[in-house]
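Trainee: Contents of coords_35.txt (compact mmCIF, C-alpha atoms and all ligand atoms):
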# COMPACT_ATOMS: atom_id res chain seq x y z
CA MET D 1 27.72 -19.07 -3.26
CA LYS D 2 25.75 -15.93 -3.83
CA TYR D 3 22.53 -17.40 -2.41
CA LEU D 4 21.78 -19.25 0.80
CA ASN D 5 18.62 -20.78 -0.64
CA HIS D 6 17.08 -21.08 -4.06
CA LEU D 7 13.59 -21.68 -5.47
CA HIS D 8 12.55 -22.50 -9.02
CA LEU D 9 8.91 -22.56 -10.16
CA LYS D 10 7.43 -23.23 -13.58
CA PHE D 11 3.68 -23.03 -14.21
CA ASP D 12 1.03 -22.18 -16.80
CA ALA D 13 0.46 -18.52 -17.64
CA LEU D 14 -3.08 -18.43 -16.28
CA SER D 15 -4.55 -15.74 -14.05
CA ILE D 16 -5.74 -18.40 -11.61
CA ASN D 17 -2.05 -19.04 -10.77
CA GLU D 18 -1.31 -15.44 -9.76
CA GLY D 19 -2.36 -15.88 -6.14
CA PHE D 20 -0.35 -19.07 -5.87
CA ALA D 21 2.77 -17.50 -7.40
CA ARG D 22 2.90 -14.42 -5.16
CA SER D 23 2.06 -16.41 -2.03
CA ALA D 24 4.64 -19.10 -2.83
CA VAL D 25 7.43 -16.55 -3.31
CA ALA D 26 6.39 -14.69 -0.16
CA ALA D 27 6.31 -17.92 1.85
CA PHE D 28 9.76 -18.87 0.60
CA CYS D 29 11.17 -15.51 1.75
CA VAL D 30 9.83 -15.98 5.28
CA GLY D 31 13.02 -17.90 6.08
CA LEU D 32 14.82 -14.54 6.23
CA SER D 33 12.26 -13.18 8.75
CA PRO D 34 11.39 -10.13 6.66
CA THR D 35 9.06 -7.40 7.93
CA LEU D 36 5.41 -7.55 6.91
CA ASP D 37 5.95 -4.46 4.75
CA ASP D 38 8.78 -6.13 2.84
CA ILE D 39 6.68 -9.26 2.30
CA THR D 40 3.79 -7.21 0.94
CA ASP D 41 6.14 -5.29 -1.37
CA ILE D 42 7.54 -8.57 -2.72
CA LYS D 43 4.05 -10.06 -3.16
CA THR D 44 2.89 -7.03 -5.10
CA ALA D 45 5.93 -6.90 -7.37
CA VAL D 46 5.66 -10.64 -8.15
CA SER D 47 1.97 -10.22 -8.87
CA GLU D 48 2.73 -7.41 -11.35
CA ALA D 49 5.33 -9.40 -13.27
CA VAL D 50 3.24 -12.59 -13.34
CA THR D 51 0.13 -10.67 -14.42
CA ASN D 52 2.11 -9.15 -17.28
CA CYS D 53 3.09 -12.63 -18.52
CA VAL D 54 -0.57 -13.70 -18.33
CA VAL D 55 -1.97 -10.58 -19.98
CA HIS D 56 0.69 -9.61 -22.54
CA ALA D 57 3.15 -12.41 -23.28
CA TYR D 58 0.93 -15.01 -24.93
CA PRO D 59 -1.73 -13.53 -27.24
CA ASN D 60 -2.91 -17.03 -28.21
CA GLY D 61 -3.48 -17.84 -24.55
CA PHE D 62 -1.00 -20.63 -23.83
CA GLY D 63 2.46 -20.50 -22.34
CA LYS D 64 4.64 -20.94 -19.29
CA ILE D 65 6.00 -18.65 -16.61
CA GLU D 66 9.24 -19.37 -14.77
CA ILE D 67 10.26 -17.86 -11.46
CA PHE D 68 13.64 -18.08 -9.77
CA VAL D 69 14.09 -16.76 -6.24
CA GLY D 70 17.51 -16.45 -4.61
CA LEU D 71 17.75 -15.64 -0.93
CA GLY D 72 20.85 -13.83 0.26
CA LYS D 73 21.69 -12.86 3.84
CA ASP D 74 19.66 -9.66 3.74
CA PHE D 75 18.25 -9.50 0.21
CA VAL D 76 16.02 -11.40 -2.19
CA ASP D 77 16.63 -11.69 -5.94
CA ILE D 78 13.63 -12.60 -8.08
CA GLU D 79 13.67 -13.41 -11.79
CA ILE D 80 10.42 -13.88 -13.68
CA LYS D 81 10.48 -14.86 -17.34
CA ASP D 82 8.25 -15.98 -20.17
CA ASN D 83 8.77 -17.25 -23.72
CA GLY D 84 6.18 -14.95 -25.22
CA VAL D 85 6.15 -12.08 -27.71
CA GLY D 86 8.53 -9.91 -25.69
CA ILE D 87 8.88 -6.12 -25.70
CA GLU D 88 10.65 -4.19 -28.44
CA ASP D 89 11.30 -0.95 -26.56
CA LEU D 90 12.06 -1.80 -22.92
CA GLU D 91 12.65 1.82 -21.88
CA GLN D 92 9.28 2.92 -23.20
CA ALA D 93 7.48 -0.02 -21.57
CA ARG D 94 8.60 0.97 -18.09
CA GLN D 95 7.42 4.57 -18.32
CA PRO D 96 4.55 5.33 -15.91
CA PHE D 97 1.12 5.08 -17.59
CA PHE D 98 2.50 3.43 -20.75
CA THR D 99 0.28 0.54 -21.83
CA THR D 100 -0.44 -1.21 -25.11
CA LYS D 101 -3.88 -2.16 -23.82
CA PRO D 102 -5.63 1.09 -22.86
CA THR D 103 -8.98 -0.16 -24.12
CA GLU D 104 -8.86 -3.08 -21.69
CA GLU D 105 -8.80 -0.85 -18.62
CA ARG D 106 -5.06 -1.15 -18.01
CA ALA D 107 -3.35 1.68 -16.17
CA GLY D 108 0.18 1.08 -17.47
CA MET D 109 1.52 1.13 -13.92
CA GLY D 110 2.84 -2.42 -13.47
CA PHE D 111 6.55 -1.68 -13.99
CA THR D 112 6.25 1.55 -12.00
CA VAL D 113 4.82 -0.40 -9.06
CA MET D 114 7.62 -3.01 -9.32
CA GLU D 115 10.23 -0.27 -9.45
CA SER D 116 8.94 1.56 -6.40
CA PHE D 117 8.26 -1.53 -4.26
CA MET D 118 11.62 -3.17 -5.01
CA ASN D 119 15.18 -1.78 -4.83
CA ASP D 120 16.20 -2.73 -8.35
CA LEU D 121 14.35 -3.62 -11.55
CA LYS D 122 16.05 -4.80 -14.72
CA LEU D 123 14.23 -5.75 -17.91
CA SER D 124 15.92 -7.77 -20.62
CA HIS D 125 15.20 -10.04 -23.54
CA ASN D 126 14.98 -13.71 -22.78
CA GLN D 127 16.94 -15.94 -25.24
CA SER D 128 13.61 -17.09 -26.68
CA GLY D 129 12.60 -13.48 -27.33
CA GLY D 130 10.29 -13.31 -24.33
CA LEU D 131 10.70 -10.96 -21.37
CA LYS D 132 12.98 -11.40 -18.38
CA VAL D 133 12.29 -9.31 -15.28
CA PHE D 134 14.96 -9.22 -12.60
CA MET D 135 14.22 -7.57 -9.26
CA THR D 136 16.07 -7.21 -5.98
CA LYS D 137 14.62 -6.42 -2.58
CA LYS D 138 16.94 -5.40 0.22
CA LEU D 139 15.35 -6.46 3.47
CA GLN D 140 14.98 -4.05 6.35
CA PRO D 141 17.18 -4.86 9.33
CA LYS D 142 15.27 -7.43 11.33
CA ASN D 143 14.90 -8.06 15.06
CA LEU D 144 14.83 -4.31 15.58
CA MET D 145 12.24 -4.75 18.32
CA ALA D 146 14.22 -7.51 20.02
CA SER D 147 17.46 -5.53 20.15
CA LYS D 148 15.57 -2.50 21.42
CA THR D 149 14.19 -4.46 24.35
CA GLN D 150 17.59 -5.98 25.01
CA ASN D 151 19.25 -2.59 25.20
CA GLY D 152 16.56 -1.50 27.63
CA MET T 1 -13.49 -12.23 -3.75
CA GLN T 2 -16.73 -10.59 -2.59
CA VAL T 3 -18.47 -7.38 -3.60
CA ASN T 4 -21.03 -6.38 -0.96
CA ALA T 5 -23.39 -3.50 -1.67
CA LYS T 6 -25.94 -1.64 0.40
CA THR T 7 -27.79 1.61 -0.12
CA LEU T 8 -28.32 4.04 2.72
CA ASN T 9 -30.12 7.32 2.06
CA ASP T 10 -28.66 8.51 -1.24
CA THR T 11 -25.37 6.69 -0.90
CA LEU T 12 -24.36 3.35 -2.37
CA TYR T 13 -21.83 1.67 -0.06
CA ILE T 14 -19.80 -1.11 -1.59
CA SER T 15 -17.29 -3.17 0.31
CA LEU T 16 -14.59 -5.13 -1.54
CA VAL T 17 -13.53 -8.26 0.33
CA GLY T 18 -10.52 -10.35 -0.69
CA GLU T 19 -7.78 -9.96 -3.29
CA LEU T 20 -8.22 -7.80 -6.39
CA ASP T 21 -5.94 -8.99 -9.20
CA GLU T 22 -6.28 -10.07 -12.83
CA ASN T 23 -7.97 -13.26 -11.72
CA SER T 24 -10.77 -11.51 -9.83
CA ALA T 25 -10.95 -8.31 -11.93
CA GLY T 26 -13.69 -9.56 -14.26
CA PHE T 27 -15.90 -10.57 -11.36
CA VAL T 28 -15.39 -7.24 -9.58
CA ARG T 29 -16.10 -5.23 -12.74
CA GLU T 30 -19.33 -7.10 -13.45
CA ASN T 31 -20.59 -6.82 -9.90
CA LEU T 32 -19.78 -3.14 -9.53
CA ASP T 33 -21.36 -2.29 -12.87
CA ARG T 34 -24.50 -4.22 -11.96
CA ASP T 35 -24.72 -2.47 -8.58
CA PHE T 36 -24.25 0.90 -10.28
CA SER T 37 -27.01 0.31 -12.80
CA ASN T 38 -29.42 -1.00 -10.17
CA THR T 39 -29.36 2.03 -7.91
CA PHE T 40 -30.47 5.63 -7.93
CA CYS T 41 -27.78 6.84 -5.58
CA LYS T 42 -26.19 10.29 -5.61
CA GLN T 43 -22.74 9.04 -4.62
CA VAL T 44 -20.75 5.85 -4.24
CA ILE T 45 -18.41 4.98 -1.37
CA LEU T 46 -16.03 2.08 -1.93
CA ASP T 47 -14.89 0.59 1.34
CA LEU T 48 -11.43 -0.98 0.93
CA SER T 49 -10.90 -1.97 4.57
CA ASN T 50 -11.34 -5.67 3.77
CA LEU T 51 -9.37 -5.63 0.54
CA SER T 52 -6.31 -7.62 1.54
CA PHE T 53 -4.41 -7.32 -1.74
CA MET T 54 -4.46 -5.20 -4.88
CA ASP T 55 -2.03 -4.59 -7.75
CA SER T 56 -2.10 -2.31 -10.79
CA THR T 57 -4.86 -4.37 -12.41
CA GLY T 58 -7.05 -2.96 -9.63
CA ILE T 59 -6.11 0.58 -10.64
CA GLY T 60 -7.45 -0.14 -14.13
CA VAL T 61 -10.66 -1.51 -12.64
CA LEU T 62 -11.13 1.59 -10.44
CA ILE T 63 -10.46 4.06 -13.26
CA GLY T 64 -12.88 2.15 -15.49
CA ARG T 65 -15.64 2.39 -12.85
CA TYR T 66 -14.90 6.09 -12.33
CA LYS T 67 -15.46 6.69 -16.04
CA LYS T 68 -18.80 4.85 -16.02
CA LEU T 69 -20.05 6.82 -13.02
CA LYS T 70 -18.83 10.10 -14.47
CA GLU T 71 -21.21 9.64 -17.42
CA LYS T 72 -24.03 9.70 -14.86
CA ASN T 73 -22.44 12.51 -12.83
CA ILE T 74 -22.11 10.31 -9.75
CA PRO T 75 -18.99 10.93 -7.64
CA ILE T 76 -17.12 8.00 -6.12
CA PHE T 77 -15.01 8.00 -2.94
CA LEU T 78 -12.53 5.52 -1.47
CA SER T 79 -12.29 4.67 2.20
CA ASN T 80 -9.91 2.77 4.48
CA PRO T 81 -7.27 1.30 2.16
CA SER T 82 -4.44 -0.69 3.77
CA ASN T 83 -1.02 0.99 3.80
CA HIS T 84 0.17 -0.95 0.80
CA ILE T 85 -2.93 -0.24 -1.28
CA ASP T 86 -2.78 3.41 -0.20
CA LYS T 87 0.76 3.54 -1.58
CA ILE T 88 -0.38 2.24 -4.98
CA LEU T 89 -3.35 4.61 -5.06
CA LYS T 90 -1.12 7.60 -4.27
CA MET T 91 1.49 6.55 -6.83
CA THR T 92 -1.15 6.55 -9.55
CA ALA T 93 -2.82 9.79 -8.41
CA ILE T 94 -6.19 8.02 -8.10
CA TYR T 95 -7.28 10.23 -5.22
CA GLU T 96 -7.47 13.17 -7.60
CA ILE T 97 -10.48 11.57 -9.29
CA MET T 98 -11.73 9.38 -6.42
CA PRO T 99 -11.01 11.28 -3.19
CA LYS T 100 -10.15 9.40 -0.03
CA LEU T 101 -12.58 9.77 2.87
CA ASN T 102 -11.21 9.96 6.36
N1 LIG D 201 5.72 -10.22 -20.19
C1 LIG D 201 5.43 -9.33 -21.16
N2 LIG D 201 5.41 -9.71 -22.47
C2 LIG D 201 5.10 -8.82 -23.44
N3 LIG D 201 4.83 -7.51 -23.22
C3 LIG D 201 4.85 -7.07 -21.94
C4 LIG D 201 5.15 -7.95 -20.86
N4 LIG D 201 5.09 -7.22 -19.71
C5 LIG D 201 4.78 -5.98 -20.07
N5 LIG D 201 4.63 -5.85 -21.40
C6 LIG D 201 4.35 -4.60 -22.16
O1 LIG D 201 4.74 -3.49 -21.36
C7 LIG D 201 3.63 -2.61 -21.16
C8 LIG D 201 3.71 -1.96 -19.79
O2 LIG D 201 3.53 -2.94 -18.74
P1 LIG D 201 2.91 -2.46 -17.34
O3 LIG D 201 2.79 -3.64 -16.47
O4 LIG D 201 3.71 -1.31 -16.82
O5 LIG D 201 1.47 -1.91 -17.74
P2 LIG D 201 0.19 -2.74 -18.18
O6 LIG D 201 0.37 -4.18 -17.88
O7 LIG D 201 -0.15 -2.39 -19.58
O8 LIG D 201 -0.94 -2.14 -17.23
P3 LIG D 201 -1.14 -2.47 -15.66
O9 LIG D 201 0.05 -3.25 -15.19
O10 LIG D 201 -1.23 -1.15 -14.99
O11 LIG D 201 -2.40 -3.26 -15.57
C9 LIG D 201 2.39 -3.46 -21.40
O12 LIG D 201 1.29 -2.70 -21.83
C10 LIG D 201 2.87 -4.42 -22.49
O13 LIG D 201 2.80 -3.82 -23.77
MG MG D 202 1.02 -4.84 -16.00
Once more with this new file: its structure as structure tokens, please.
Mentor:
Amino acid sequence: MKYLNHLHLKFDALSINEGFARSAVAAFCVGLSPTLDDITDIKTAVSEAVTNCVVHAYPNGFGKIEIFVGLGKDFVDIEIKDNGVGIEDLEQARQPFFTTKPTEERAGMGFTVMESFMNDLKLSHNQSGGLKVFMTKKLQPKNLMASKTQNG
Amino acid sequence: MQVNAKTLNDTLYISLVGELDENSAGFVRENLDRDFSNTFCKQVILDLSNLSFMDSTGIGVLIGRYKKLKEKNIPIFLSNPSNHIDKILKMTAIYEIMPKLN
């Protein structure tokens, strides 16, 4: 088994669910005793991907978001997907400052933030044509403080 | 989410309290724009010390407010972001248009 523990969430693509989604994923990861920095990085990356589903995937306003989280010994895999309109040019979409909604005060930095807060970011087309975002976070070695005290 | 404003001398101080994401962005925009149009300040200082979360939606909100204030020649400064928000602000070069106060 690749994962020690596994979470699957499915919910409406509404902005009101963003806080729930990032907090739920963060809470699930707590089992691995991550550092506060790692938790905040994960929260932010999840928020970016979920926001994108809410803002871009469903122009008519209705749809679902699915999240899978897999916990390894010292890493977290997170997959976030929608069944929306998808992205034609994935390479272009992840360029810093690229946005298709400049008039709606979007910075075009979502994928850049995910990339820099996580250790790996892969974008692909969901079978339905929507977007699939796969991210990995390697957790910092834990109990650093404890072992320091132990060793004197 | 809370947007708390007070004017002192010629400065409008605004403190953002809570989590700034797509869900709260509309509220924050409206409140900031109303505070901006109601004052005769010479500068704006946004206090981020009680902003517990922000993602790239917040960057869009900040740049949008910068543009509105620029039309009136009012500079805006940022103060006391958390480490994680500081990282996002640096990544997007926001401090070049809204300098960080120390
Ligand atoms: N789930 C999605 N479905 C369809 N298109 C998407 C999706 N996610 C992202 N995109 C497209 O990729 C572009 C870049 O996304 P990114 O998150 O980097 O920037 P943004 O969302 O436009 O702005 P910001 O995240 O800074 O508010 C978007 O403008 C949009 O065109
Ligand atoms: Mg985005």
Trainee: When you get a sec, could you note down which chain D residues fall within 8 Å of chain T, using only C-alpha atoms, as a list in words?
Mentor: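 That gives Ser15, Ile16, Glu18, Asp37, Thr40, Asp41, Thr44, Ser47, Glu48, Thr51, Glu105, Arg106, Ala107, Gly108, Met109, Gly110 and Val113 of chain D for chain D.
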Trainee: Do you have the CA of Gln92 (chain D)-CA of Tyr58 (chain D) distance handy?
Mentor: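 It comes out at 19.9 Å.
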Trainee: Is it possible to get the residues within 10 Å of (-10.7, -11.0, 8.2) (coordinates as in the file, counting only C-alpha atoms) written as a compact mmCIF listing (two decimals) with C-alpha atoms, in the frame of the given file?
Mentor:
# COMPACT_ATOMS: atom_id res chain seq x y z
CA VAL T 17 -13.53 -8.26 0.33
CA GLY T 18 -10.52 -10.35 -0.69
CA SER T 49 -10.90 -1.97 4.57
CA ASN T 50 -11.34 -5.67 3.77
CA LEU T 51 -9.37 -5.63 0.54
CA SER T 52 -6.31 -7.62 1.54
Trainee: Could you please determine the separation between CA of His56 (chain D) and CA of Ala24 (chain D) in Å, to one decimal place?
Mentor: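 Going from CA of His56 (chain D) over to CA of Ala24 (chain D) covers 22.2 Å.
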Trainee: Tell me which of D:Asn5, D:Ser33, D:Gln95, D:Ser23 sits closest to ligand MG 202 (chain D), counting all atoms listed in the file.
Mentor: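 Of all the options, D:Gln95 lies closest to ligand MG 202 (chain D).
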Trainee: How far is it from CA of Gly86 (chain D) to CA of Glu115 (chain D), in Å with one decimal?
Mentor: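 Computing it gives 19.0 Å between the two atoms.
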Trainee: Calculated over all atoms listed in the file, which of the candidates D:Gly72, D:His8, D:Ile67, D:Asp38 has the smallest distance to Met118 (chain D)?
Mentor: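 The shortest atom-to-atom distance to Met118 (chain D) comes from D:Asp38.
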Trainee: Using all atoms listed in the file for the distances, tell me which of T:Leu78, T:Ile45, T:Leu12, T:Ala25 is nearest to ligand LIG 201 (chain D).
Mentor: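 When distances to ligand LIG 201 (chain D) are compared using all atoms listed in the file, the smallest one comes from T:Ala25.
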Trainee: Pick out the closest residue to ligand LIG 201 (chain D) from this set: T:Ser15, T:Asn38, T:Leu89, T:Asp33. Count all atoms listed in the file.
Mentor: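 Closest residue, counting all atoms listed in the file: T:Leu89.
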Trainee: I need the residue nearest Lys90 (chain T) from this list: D:Ser124, D:Ser116, D:Leu36, D:Thr136. Use only C-alpha atoms for the distance.
Mentor: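 For Lys90 (chain T), the nearest of the candidates is D:Ser116.
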Trainee: Find, counting all atoms listed in the file, the residue in D:Asp89, D:Lys64, D:Cys53, D:Lys122 that gets nearest to ligand LIG 201 (chain D).
Mentor: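 Once distances to ligand LIG 201 (chain D) are computed over all atoms listed in the file, the minimum belongs to D:Cys53.
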Trainee: Show me the residues close to (-21.6, 6.8, -5.4) - anything with an atom within 12 Å, counting all atoms listed in the file - and format the list as a short mmCIF file (atom, residue, chain, number, x, y, z; two decimals) with C-alpha atoms, in the coordinates of the input.
Mentor:
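Result went into part.cif, see below:
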data_model
loop_
_atom_site.label_atom_id
_atom_site.label_comp_id
_atom_site.auth_asym_id
_atom_site.auth_seq_id
_atom_site.Cartn_x
_atom_site.Cartn_y
_atom_site.Cartn_z
CA ALA T 5 -23.39 -3.50 -1.67
CA LYS T 6 -25.94 -1.64 0.40
CA THR T 7 -27.79 1.61 -0.12
CA LEU T 8 -28.32 4.04 2.72
CA ASN T 9 -30.12 7.32 2.06
CA ASP T 10 -28.66 8.51 -1.24
CA THR T 11 -25.37 6.69 -0.90
CA LEU T 12 -24.36 3.35 -2.37
CA TYR T 13 -21.83 1.67 -0.06
CA ILE T 14 -19.80 -1.11 -1.59
CA LEU T 32 -19.78 -3.14 -9.53
CA ASP T 33 -21.36 -2.29 -12.87
CA ASP T 35 -24.72 -2.47 -8.58
CA PHE T 36 -24.25 0.90 -10.28
CA SER T 37 -27.01 0.31 -12.80
CA THR T 39 -29.36 2.03 -7.91
CA PHE T 40 -30.47 5.63 -7.93
CA CYS T 41 -27.78 6.84 -5.58
CA LYS T 42 -26.19 10.29 -5.61
CA GLN T 43 -22.74 9.04 -4.62
CA VAL T 44 -20.75 5.85 -4.24
CA ILE T 45 -18.41 4.98 -1.37
CA LEU T 46 -16.03 2.08 -1.93
CA ASP T 47 -14.89 0.59 1.34
CA ARG T 65 -15.64 2.39 -12.85
CA TYR T 66 -14.90 6.09 -12.33
CA LYS T 68 -18.80 4.85 -16.02
CA LEU T 69 -20.05 6.82 -13.02
CA LYS T 70 -18.83 10.10 -14.47
CA LYS T 72 -24.03 9.70 -14.86
CA ASN T 73 -22.44 12.51 -12.83
CA ILE T 74 -22.11 10.31 -9.75
CA PRO T 75 -18.99 10.93 -7.64
CA ILE T 76 -17.12 8.00 -6.12
CA PHE T 77 -15.01 8.00 -2.94
CA LEU T 78 -12.53 5.52 -1.47
CA MET T 98 -11.73 9.38 -6.42
CA PRO T 99 -11.01 11.28 -3.19
#
